[in-house]
Each structure stands twice: as structure tokens, then as C-alpha cells.
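Participant: If you scroll down you'll find the structure; I have some questions about it.
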Amino acid sequence: MARPALVLKNIRQDYGQGESLLHVLKGASFTMKPGEMVALVAPSGTGKSTLLQIAGLLEHPTAGEVIINGRNAADLTDDERTALRRNDIGFVYQFHHLLPEFSALENIMLPQLIAGLSRNDAKERAEQMLDYLKIAHRGEHRPAELSGGEQQRVAIARAVANAPSLLLADEPTGNLDPGTAGYVFEALEALVRQSGLAALIATHNLDLAGRMDRRVTLQDGLVVAA
Ligand code: ADP
Ligand code: MG
């Protein structure tokens, strides 16, 4: 079997302390194969964002193991974790989080420049991505000049610009009207299918969830099949 893109083993996450201690995750385990698209569908407050932040090495769990492409995060130095996050993981959020003072093109170039690509190579790749997402003509515009659907497509392009193997998306279409959500998801799906990256996508949209390879939910702090 191919090496999993993501393994979560017995993840526990507690917030607060003393009497107000909140057990959000209580030993959640979950494995994703390369190229797999999985919907994470669960009610608000059940820990979807927490799980994604932990899987993306943005938060340390109270206990448990996170293994990305065979590398156990617990064995890494802070610098190695940062490098793994930058190179292997892409994030998309409900709100685009693009840098307002930069153009769409520059927003997609930035992670590549940080990863050490030349300006020309980064620009070429960013242009290809915009073209692929059918917004080539919007490259010079700043985020505020783009529609919600265009902003999210730029955010998706930025997330996958460094060719990560794992994409984590936290309600990426949650802020869009149904029609726009549909075509933004199609763009995301096409990218995932074409590049073979594994994608874990939290969504409340059952229609979109139905188009993914499988669905999981969070129940009493555990990941279970939906
Ligand atoms: P979801 O994304 O499914 O809506 P979250 O992961 O955001 O759920 O939150 C799960 C629970 O953990 C909620 O009760 C939330 O209030 C709590 N929580 C999340 N992050 C923190 C934090 N940094 N400190 C304290 N409580 C938190
Ligand atoms: Mg959330």
C-alpha cells in the first residue's frame, strides 16, 4: 500500500483548565491515502477546525501523533516542522486571507519565493494556476477588487502553488452563494484530481460532500465514517 499522506493517531485536544476543561478531541484517529478527497462534515463546535489545525501542524495536540508523508511531527525540530508545513501542506480557509496590498498573482507567487523559487519561475507557475482556474485576466487585481468566488480561487491557487501533497480546507466555500460554491469546488476538485494530492475538506454543503471519495464526521471527539 502507498504511504499514507496523513495519519492521525489517538489525537486528544483539551482547551481551558480545571473545572472548565473542554475535551474537544478524545483520541481521534484517521488515515488518508494519497489522492484521496475526504469530506469532514460535522456540526459547528465539534472540533473540525481544531482537527485541521492539528493535522496542518499549526497547533500541538494535547496528546497523539501526526504523521505527514511518513514523517512523525513529534520527531521534528521547530524548523523542520515549519519546512514540512510549507512544502507538504496547503491551507484554504473560509475567508481568503489573501494579503490585501498584493495582486492576485503576487499572492500566489509569495509562498514559492519563500520556498526559494526564482521570480520568473514563480510568476510562470502563478500564471498557469490562474489560467487553470479560469481567472488569468484577474492576475493584476488586488483581492478587494475580486469577487468572493475569485478570491477563493486565488486562495486555492496559493495553497497548492508549492505542490503540497496534502490540502486542508476549512469550509472553503462556506462564505459563497450556492452557485459560486459549486464552481469554486469544481476548480478545487479538478486541481486535486490532476495533481494527486490528498484533500481533507470541512464543509456543511452535503451536495459537495457527496462528490468526494468518502465522508467522515466527528462524534464525541472521535473521527467516524459519516
Ligand atoms: P468547529 O470547527 O467544528 O466549529 P472548533 O474546532 O472551532 O469547531 O471548536 C471546537 C470546540 O473547541 C468549541 O467548543 C470551541 O469553542 C473550542 N475551542 C476551539 N479553539 C479553542 C481555543 N483556542 N481555546 C479554547 N477553546 C477553543
Ligand atoms: Mg470551524
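All residue names refer to the C-alpha cells as shown: chains lettered A, B, ... in order, residues numbered from 1 in each chain, ligands numbered from 1 in order.
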So which residues of range 32-111 of chain A fall under helix (DSSP H, G or I) by DSSP, listed as a count of residues only?
Facilitator: 30
Participant: To check your reading of the model: which residues sit at most 12 Å from ligand 2 when counting only C-alpha atoms and all ligand atoms? Write the answer as a compact mmCIF listing (two decimals) with N, CA and C atoms, in the first residue's frame.
Facilitator:
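Full text of out07.txt as output:
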```txt
# COMPACT_ATOMS: atom_id res chain seq x y z
N LEU A 40 -15.16 16.37 5.58
CA LEU A 40 -15.33 16.37 7.04
C LEU A 40 -16.59 17.16 7.33
N VAL A 41 -17.65 16.42 7.65
CA VAL A 41 -18.96 17.04 7.84
C VAL A 41 -19.41 16.81 9.27
N ALA A 42 -19.50 17.88 10.05
CA ALA A 42 -19.92 17.74 11.44
C ALA A 42 -20.47 19.08 11.90
N PRO A 43 -21.36 19.08 12.89
CA PRO A 43 -21.94 20.34 13.35
C PRO A 43 -20.89 21.32 13.88
N SER A 44 -21.23 22.59 13.93
CA SER A 44 -20.34 23.60 14.48
C SER A 44 -19.98 23.26 15.91
N GLY A 45 -18.74 23.55 16.28
CA GLY A 45 -18.31 23.37 17.65
C GLY A 45 -17.86 21.97 17.98
N THR A 46 -17.85 21.06 17.00
CA THR A 46 -17.47 19.67 17.29
C THR A 46 -15.96 19.44 17.13
N GLY A 47 -15.23 20.42 16.57
CA GLY A 47 -13.77 20.27 16.53
C GLY A 47 -13.18 20.13 15.14
N LYS A 48 -13.93 20.48 14.09
CA LYS A 48 -13.40 20.38 12.73
C LYS A 48 -12.16 21.25 12.54
N SER A 49 -12.29 22.52 12.91
CA SER A 49 -11.15 23.43 12.74
C SER A 49 -9.97 22.98 13.59
N THR A 50 -10.26 22.53 14.79
CA THR A 50 -9.20 22.03 15.67
C THR A 50 -8.45 20.87 15.01
N LEU A 51 -9.20 19.93 14.45
CA LEU A 51 -8.58 18.77 13.80
C LEU A 51 -7.72 19.20 12.62
N LEU A 52 -8.23 20.14 11.83
CA LEU A 52 -7.47 20.60 10.65
C LEU A 52 -6.20 21.34 11.07
N GLN A 53 -6.31 22.15 12.12
CA GLN A 53 -5.13 22.89 12.60
C GLN A 53 -4.06 21.93 13.12
N TYR A 93 -8.97 28.58 3.79
CA TYR A 93 -9.92 28.91 4.87
C TYR A 93 -11.23 29.43 4.30
N GLN A 94 -12.19 29.63 5.19
CA GLN A 94 -13.49 30.16 4.76
C GLN A 94 -13.35 31.58 4.19
N PHE A 95 -12.51 32.36 4.83
CA PHE A 95 -12.22 33.70 4.33
C PHE A 95 -10.83 33.65 3.74
N ALA A 169 -8.70 22.12 3.94
CA ALA A 169 -9.57 23.24 3.64
C ALA A 169 -10.67 23.31 4.69
N ASP A 170 -10.80 24.47 5.32
CA ASP A 170 -11.75 24.67 6.41
C ASP A 170 -12.94 25.48 5.91
N GLU A 171 -14.00 24.79 5.50
CA GLU A 171 -15.20 25.42 4.95
C GLU A 171 -14.85 26.41 3.84
N PRO A 172 -14.15 25.93 2.80
CA PRO A 172 -13.63 26.84 1.76
C PRO A 172 -14.72 27.52 0.94
N GLY A 174 -17.81 28.11 2.39
CA GLY A 174 -18.83 28.46 3.38
C GLY A 174 -19.33 29.88 3.30
N ILE A 201 -11.51 18.21 3.47
CA ILE A 201 -12.28 19.43 3.29
C ILE A 201 -13.47 19.47 4.24
N ALA A 202 -13.42 20.38 5.21
CA ALA A 202 -14.56 20.57 6.11
C ALA A 202 -15.62 21.37 5.37
N THR A 203 -16.84 20.87 5.38
CA THR A 203 -17.92 21.58 4.69
C THR A 203 -19.26 21.26 5.32
N HIS A 204 -20.19 22.22 5.20
CA HIS A 204 -21.58 21.96 5.62
C HIS A 204 -22.44 21.66 4.41
```
Participant: Name the closest residue to ligand 1 among the candidates A:Ala155, A:Val92, A:Leu218, A:Leu8; distances are taken between atoms, counting only C-alpha atoms and all ligand atoms.
Facilitator: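 Among A:Ala155, A:Val92, A:Leu218, A:Leu8, it is A:Leu218 that comes nearest to ligand 1.
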Participant: Rounded to one decimal in Å, what is the spacing between CA of Leu166 in chain A and atom 8 (O, counted along the ligand's line) of ligand 1?
Facilitator: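 Computing the Euclidean distance for CA of Leu166 in chain A and atom 8 (O, counted along the ligand's line) of ligand 1 yields 20.6 Å.
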Participant: Find the residues near Asp213 in chain A: any atom within 9 Å, counting only C-alpha atoms, skip ones fewer than 6 places away on the same chain, and give them as JSON, numbers by chain.
Facilitator: {"A": [36, 37, 38, 39]}
Participant: Which residues come within 10 Å of Ala187 in chain A, counting only C-alpha atoms, excluding same-chain residues fewer than 4 positions away, as a list in words?
Facilitator: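 So the residues in contact are Tyr132, Leu133, Lys134, Arg153, Ile156, Ala157, Ala181, Gly182, Tyr183, Leu191 and Val192 of chain A.
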Participant: For a quick check of understanding, using only C-alpha atoms, which of A:Gly16, A:Pro4, A:Gly35, A:Gly148 has the smallest distance to Ala190 in chain A?
Facilitator: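 Ranked by minimum distance to Ala190 in chain A, first place goes to A:Gly35.
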Participant: Any idea what's packed within 12 Å of Lys9 in chain A, counting only C-alpha atoms, ignoring anything in its chain fewer than 4 positions away? Could you give it as a CSV table (one decimal) with all heavy atoms, in the first residue's frame?
Facilitator:
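Saved to around-v6.csv:
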```
chain,number,residue,atom,x,y,z
A,25,LEU,N,-11.2,16.8,21.3
A,25,LEU,CA,-10.8,15.6,20.7
A,25,LEU,C,-10.4,14.6,21.7
A,25,LEU,O,-9.7,14.9,22.6
A,25,LEU,CB,-9.7,15.8,19.6
A,25,LEU,CG,-10.1,16.8,18.5
A,25,LEU,CD1,-8.9,17.1,17.6
A,25,LEU,CD2,-11.3,16.3,17.7
A,26,LYS,N,-10.9,13.3,21.6
A,26,LYS,CA,-10.7,12.4,22.7
A,26,LYS,C,-10.1,11.1,22.3
A,26,LYS,O,-10.5,10.0,22.7
A,26,LYS,CB,-12.1,12.1,23.3
A,26,LYS,CG,-12.9,13.3,23.8
A,26,LYS,CD,-14.2,12.8,24.4
A,26,LYS,CE,-15.1,14.0,24.8
A,26,LYS,NZ,-16.4,13.6,25.2
A,27,GLY,N,-9.1,11.2,21.4
A,27,GLY,CA,-8.5,10.0,20.8
A,27,GLY,C,-8.8,9.8,19.4
A,27,GLY,O,-9.0,8.6,19.0
A,28,ALA,N,-8.9,10.9,18.6
A,28,ALA,CA,-9.3,10.8,17.2
A,28,ALA,C,-8.2,10.2,16.4
A,28,ALA,O,-7.0,10.6,16.5
A,28,ALA,CB,-9.7,12.2,16.7
A,29,SER,N,-8.5,9.2,15.5
A,29,SER,CA,-7.6,8.6,14.6
A,29,SER,C,-8.2,8.6,13.2
A,29,SER,O,-9.4,8.5,13.0
A,29,SER,CB,-7.3,7.1,15.0
A,29,SER,OG,-6.7,7.1,16.3
A,30,PHE,N,-7.3,8.8,12.2
A,30,PHE,CA,-7.7,9.0,10.9
A,30,PHE,C,-6.6,8.8,9.9
A,30,PHE,O,-5.5,9.3,10.2
A,30,PHE,CB,-8.3,10.4,10.8
A,30,PHE,CG,-8.8,10.8,9.4
A,30,PHE,CD1,-9.8,10.2,8.8
A,30,PHE,CD2,-8.2,11.9,8.8
A,30,PHE,CE1,-10.2,10.6,7.5
A,30,PHE,CE2,-8.6,12.4,7.6
A,30,PHE,CZ,-9.6,11.7,7.0
A,31,THR,N,-6.8,8.2,8.8
A,31,THR,CA,-5.7,8.0,7.8
A,31,THR,C,-6.2,8.4,6.4
A,31,THR,O,-7.4,8.1,6.1
A,31,THR,CB,-5.3,6.5,7.7
A,31,THR,OG1,-4.8,6.2,9.0
A,31,THR,CG2,-4.2,6.3,6.7
A,32,MET,N,-5.4,9.1,5.7
A,32,MET,CA,-5.7,9.5,4.3
A,32,MET,C,-4.7,9.0,3.3
A,32,MET,O,-3.5,9.1,3.5
A,32,MET,CB,-5.8,11.0,4.2
A,32,MET,CG,-7.0,11.6,4.7
A,32,MET,SD,-7.0,13.4,4.4
A,32,MET,CE,-7.5,13.4,2.7
A,51,LEU,N,-9.2,19.9,14.5
A,51,LEU,CA,-8.6,18.8,13.8
A,51,LEU,C,-7.7,19.2,12.6
A,51,LEU,O,-6.6,18.7,12.4
A,51,LEU,CB,-9.7,17.8,13.3
A,51,LEU,CG,-9.2,16.5,12.8
A,51,LEU,CD1,-8.9,15.5,14.0
A,51,LEU,CD2,-10.1,15.8,11.9
A,54,ILE,N,-4.5,20.9,13.8
A,54,ILE,CA,-3.6,19.9,14.3
A,54,ILE,C,-2.9,19.1,13.1
A,54,ILE,O,-1.7,18.9,13.1
A,54,ILE,CB,-4.2,19.0,15.3
A,54,ILE,CG1,-4.5,19.7,16.6
A,54,ILE,CG2,-3.4,17.7,15.6
A,54,ILE,CD1,-5.4,19.0,17.6
A,55,ALA,N,-3.8,18.7,12.2
A,55,ALA,CA,-3.3,17.9,11.0
A,55,ALA,C,-2.3,18.8,10.2
A,55,ALA,O,-1.3,18.3,9.6
A,55,ALA,CB,-4.4,17.5,10.1
A,61,PRO,N,-1.2,19.0,19.5
A,61,PRO,CA,-2.3,18.4,20.2
A,61,PRO,C,-1.9,18.1,21.7
A,61,PRO,O,-0.7,18.1,22.0
A,61,PRO,CB,-2.5,17.0,19.5
A,61,PRO,CG,-1.2,16.8,18.8
A,61,PRO,CD,-0.6,18.1,18.5
A,63,ALA,N,-2.3,15.4,23.1
A,63,ALA,CA,-1.6,14.0,23.0
A,63,ALA,C,-1.9,13.5,21.7
A,63,ALA,O,-2.9,13.9,21.0
A,63,ALA,CB,-2.2,13.1,24.1
A,64,GLY,N,-1.1,12.5,21.3
A,64,GLY,CA,-1.4,11.8,20.0
A,64,GLY,C,-0.3,12.2,19.0
A,64,GLY,O,0.5,13.0,19.2
A,65,GLU,N,-0.4,11.5,17.8
A,65,GLU,CA,0.7,11.6,16.8
A,65,GLU,C,0.1,12.1,15.5
A,65,GLU,O,-1.0,11.7,15.1
A,65,GLU,CB,1.3,10.2,16.6
A,65,GLU,CG,2.2,9.8,17.7
A,65,GLU,CD,2.8,8.4,17.4
A,65,GLU,OE1,3.4,8.3,16.3
A,65,GLU,OE2,2.6,7.5,18.2
A,66,VAL,N,0.9,13.0,14.8
A,66,VAL,CA,0.6,13.4,13.5
A,66,VAL,C,1.7,13.0,12.6
A,66,VAL,O,2.8,13.4,12.8
A,66,VAL,CB,0.4,15.0,13.5
A,66,VAL,CG1,0.0,15.4,12.1
A,66,VAL,CG2,-0.6,15.5,14.5
A,67,ILE,N,1.4,12.2,11.5
A,67,ILE,CA,2.4,11.7,10.6
A,67,ILE,C,2.0,12.2,9.2
A,67,ILE,O,1.0,11.9,8.7
A,67,ILE,CB,2.5,10.2,10.7
A,67,ILE,CG1,2.8,9.8,12.1
A,67,ILE,CG2,3.6,9.7,9.7
A,67,ILE,CD1,2.5,8.3,12.4
A,68,ILE,N,2.9,13.0,8.6
A,68,ILE,CA,2.6,13.6,7.3
A,68,ILE,C,3.6,12.9,6.3
A,68,ILE,O,4.8,13.0,6.5
A,68,ILE,CB,2.9,15.1,7.2
A,68,ILE,CG1,2.2,15.8,8.4
A,68,ILE,CG2,2.6,15.7,5.9
A,68,ILE,CD1,0.8,16.2,8.2
A,72,ASN,N,6.9,11.7,11.3
A,72,ASN,CA,6.2,12.0,12.5
A,72,ASN,C,6.5,13.4,13.1
A,72,ASN,O,7.7,13.6,13.3
A,72,ASN,CB,6.5,10.9,13.5
A,72,ASN,CG,5.6,10.9,14.7
A,72,ASN,OD1,5.2,12.0,15.2
A,72,ASN,ND2,5.3,9.8,15.3
A,73,ALA,N,5.5,14.2,13.2
A,73,ALA,CA,5.8,15.6,13.6
A,73,ALA,C,6.5,15.7,14.9
A,73,ALA,O,7.3,16.6,15.2
A,73,ALA,CB,4.5,16.4,13.7
A,74,ALA,N,6.3,14.7,15.8
A,74,ALA,CA,6.9,14.7,17.1
A,74,ALA,C,8.5,14.6,17.0
A,74,ALA,O,9.2,14.9,17.9
A,74,ALA,CB,6.3,13.6,18.0
A,222,LEU,N,-14.3,11.8,18.4
A,222,LEU,CA,-13.6,10.8,17.5
A,222,LEU,C,-14.0,11.0,16.1
A,222,LEU,O,-15.1,11.5,15.8
A,222,LEU,CB,-14.0,9.4,18.0
A,222,LEU,CG,-13.8,9.0,19.4
A,222,LEU,CD1,-14.3,7.5,19.6
A,222,LEU,CD2,-12.3,9.1,19.7
A,223,VAL,N,-13.1,10.6,15.2
A,223,VAL,CA,-13.4,10.6,13.7
A,223,VAL,C,-14.1,9.3,13.4
A,223,VAL,O,-13.6,8.2,13.7
A,223,VAL,CB,-12.2,10.8,12.9
A,223,VAL,CG1,-12.5,10.8,11.4
A,223,VAL,CG2,-11.4,12.1,13.2
```
Participant: Mind checking which residues fall within 6 Å of Val216 in chain A, counting only C-alpha atoms, ignoring those fewer than 6 positions away in the same chain, and posting them as a list in words?
Facilitator: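 The neighbour list is Leu40, Val224, Ala225 and Ala226 of chain A.
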Participant: Mind giving me the straight-line distance from CA of Leu22 in chain A to CA of Gly56 in chain A in Å, one decimal?
Facilitator: 21.3 Å
Participant: CA of Ser147 in chain A and CA of Phe102 in chain A are how many Å apart?
Facilitator: 15.7 Å
